[in-house]
Amino acid sequence: MKVALKSFWCQIPDFNPMAILGFFVLADALAWLLYGFYTQDILTSRFFHIARDRGFGEIVQYPKFGVMIAVLVRARRQWPSRLVNAWLILFTVMLLDDAIGIHEAIGGWLLPEPSAHWRGLRLKDLAEAAAIAALEGGTFLYMAYCHFREPPAKRVFSWWFIAGLVPVIFSGLVLDIVRVPMLEAAGEMIAMTILLAVVLWRYRVRRDAPPVPAPGAHALPMTS
């Protein structure tokens with residue numbers, strides 16, 4: 001069974017970055033279109049509110065993480081690396097946190113009174129940010145540990161991933177705390193698309209890189 005699954009995975013065509021990105025840009029545009037219908041009372045369910053947690057606009061972002069995880073699974077098979085594994089774990093944790101709402105549940109448990117404020121900020125939002133820092137931040141620290149344990153040549157892709165992650169962190173933490181729901185929703189969509197583009201690009205760069213000339217040498221994971 002394991003051999004069959006491995007064979008099936010290897011037969012899946014390579015990822016087409018432009019097609020994937022184009023699909024998600026259209027999906028994001030659809031989310032905004034449906035939100036426009038919602039504001040005009042054509043659609044009545046709050047599921048289509050662009051800033052709703054676990055609404056259509058947010059759910060569209062989950063497959064972006066799914067594609068990134070799939071890319072890293074394939075990269076891990078082709079170029080085994082502890083650092084690739086660490087990024088795979090980080091993206092999986094981020095997806096589960098977003099989909100299940102772990103940090104929101106923790107924030108609500110710590111501060112069940114949503115109206116409590118401190119210097120203009122909701123304490124519940126600060127509690128949720130602290131939960132994100134503990135959950136995803138801890139996983140990020142593990143990735144950073146693996147990152148700096150690797151030789152510089154093996155860190156190239158990771159530096160790009162970190163750069164792509166910055167807009168996601170900004171939209172998920174800063175914009176959430178300052179309570180600008182529409183800007184947060186738009187920022188998350190754009191940031192996730194940027195991160196997805198970076199992951200697809202680095203995979204394509206490594207895949208198309210020439211093989212290591214030294215006989216018997218192993219290819220460096222996503223280093224080019």
# chains A, B, ... in the order shown; residues from 1 in each chain; ligands from 1
$ residues_around --residues "region 31-34 of chain A" --least-positions-apart "5" --cutoff "8 Å" --atoms "only C-alpha atoms" --output "PyMOL selection string"
chain A and resi 43+48+50+56-57+60
$ atom_distance --atom1 "CA of Trp87 (chain A)" --atom2 "CA of Arg207 (chain A)"
17.8 Å
$ residues_around --residues "region 153-166 of chain A" --least-positions-apart "6" --cutoff "12 Å" --atoms "only C-alpha atoms" --output "ChimeraX atom specification"
/A:65,68,72,75,79-88,90-91,94,136,140-141,143-147,172-174,187-188,190-206,219-224
$ write_last_selection --atoms "C-alpha atoms" --output "mmCIF file, in the first residue's frame"
data_model
loop_
_atom_site.group_PDB
_atom_site.id
_atom_site.type_symbol
_atom_site.label_atom_id
_atom_site.label_comp_id
_atom_site.auth_asym_id
_atom_site.auth_seq_id
_atom_site.Cartn_x
_atom_site.Cartn_y
_atom_site.Cartn_z
ATOM 1 C CA PHE A 65 -1.887 26.266 2.760
ATOM 2 C CA MET A 68 2.078 24.750 0.045
ATOM 3 C CA LEU A 72 6.780 20.652 0.644
ATOM 4 C CA ALA A 75 10.144 18.542 -1.949
ATOM 5 C CA TRP A 79 15.401 16.486 -1.303
ATOM 6 C CA PRO A 80 15.107 15.190 2.274
ATOM 7 C CA SER A 81 15.958 17.861 4.799
ATOM 8 C CA ARG A 82 15.195 18.592 8.426
ATOM 9 C CA LEU A 83 14.576 22.216 7.464
ATOM 10 C CA VAL A 84 11.988 21.241 4.854
ATOM 11 C CA ASN A 85 10.328 19.106 7.534
ATOM 12 C CA ALA A 86 10.269 22.075 9.908
ATOM 13 C CA TRP A 87 8.541 24.274 7.338
ATOM 14 C CA LEU A 88 6.086 21.476 6.627
ATOM 15 C CA LEU A 90 4.896 25.095 10.571
ATOM 16 C CA PHE A 91 2.515 25.365 7.618
ATOM 17 C CA MET A 94 -0.848 27.381 10.777
ATOM 18 C CA GLU A 136 2.713 29.182 15.894
ATOM 19 C CA PHE A 140 8.492 29.005 14.137
ATOM 20 C CA LEU A 141 11.275 28.844 16.722
ATOM 21 C CA MET A 143 11.994 26.072 12.241
ATOM 22 C CA ALA A 144 14.515 28.803 13.103
ATOM 23 C CA TYR A 145 16.564 26.272 15.060
ATOM 24 C CA CYS A 146 16.621 23.940 12.053
ATOM 25 C CA HIS A 147 17.338 26.901 9.792
ATOM 26 C CA GLY A 172 -2.811 37.997 11.047
ATOM 27 C CA LEU A 173 -1.498 39.767 14.130
ATOM 28 C CA VAL A 174 -1.159 43.526 13.678
ATOM 29 C CA GLY A 187 -4.353 41.804 3.681
ATOM 30 C CA GLU A 188 -4.666 38.117 4.501
ATOM 31 C CA ILE A 190 -2.845 39.172 -0.578
ATOM 32 C CA ALA A 191 -0.310 37.923 1.970
ATOM 33 C CA MET A 192 -1.307 34.285 1.524
ATOM 34 C CA THR A 193 -1.060 34.610 -2.252
ATOM 35 C CA ILE A 194 2.415 36.139 -1.921
ATOM 36 C CA LEU A 195 3.565 33.322 0.357
ATOM 37 C CA LEU A 196 2.114 30.710 -1.991
ATOM 38 C CA ALA A 197 3.902 32.347 -4.930
ATOM 39 C CA VAL A 198 7.206 32.257 -3.045
ATOM 40 C CA VAL A 199 6.826 28.566 -2.172
ATOM 41 C CA LEU A 200 5.907 27.609 -5.736
ATOM 42 C CA TRP A 201 8.715 29.722 -7.145
ATOM 43 C CA ARG A 202 11.405 28.249 -4.885
ATOM 44 C CA TYR A 203 10.228 24.731 -5.650
ATOM 45 C CA ARG A 204 10.387 25.422 -9.385
ATOM 46 C CA VAL A 205 13.848 27.001 -9.062
ATOM 47 C CA ARG A 206 15.188 23.974 -7.189
ATOM 48 C CA ALA A 219 21.394 17.418 -4.134
ATOM 49 C CA LEU A 220 20.932 20.202 -1.646
ATOM 50 C CA PRO A 221 17.268 20.773 -0.754
ATOM 51 C CA MET A 222 15.823 23.781 -2.554
ATOM 52 C CA THR A 223 19.105 25.684 -2.352
ATOM 53 C CA SER A 224 19.331 27.474 -5.677
#
$ closest_residue --among "A:Tyr142, A:Gly55, A:Glu184, A:Arg74" --to "Pro167 (chain A)" --atoms "only C-alpha atoms"
A:Glu184
$ closest_residue --among "A:Gly138, A:Ser171, A:Tyr35, A:Val25" --to "Ala51 (chain A)" --atoms "only C-alpha atoms"
A:Tyr35
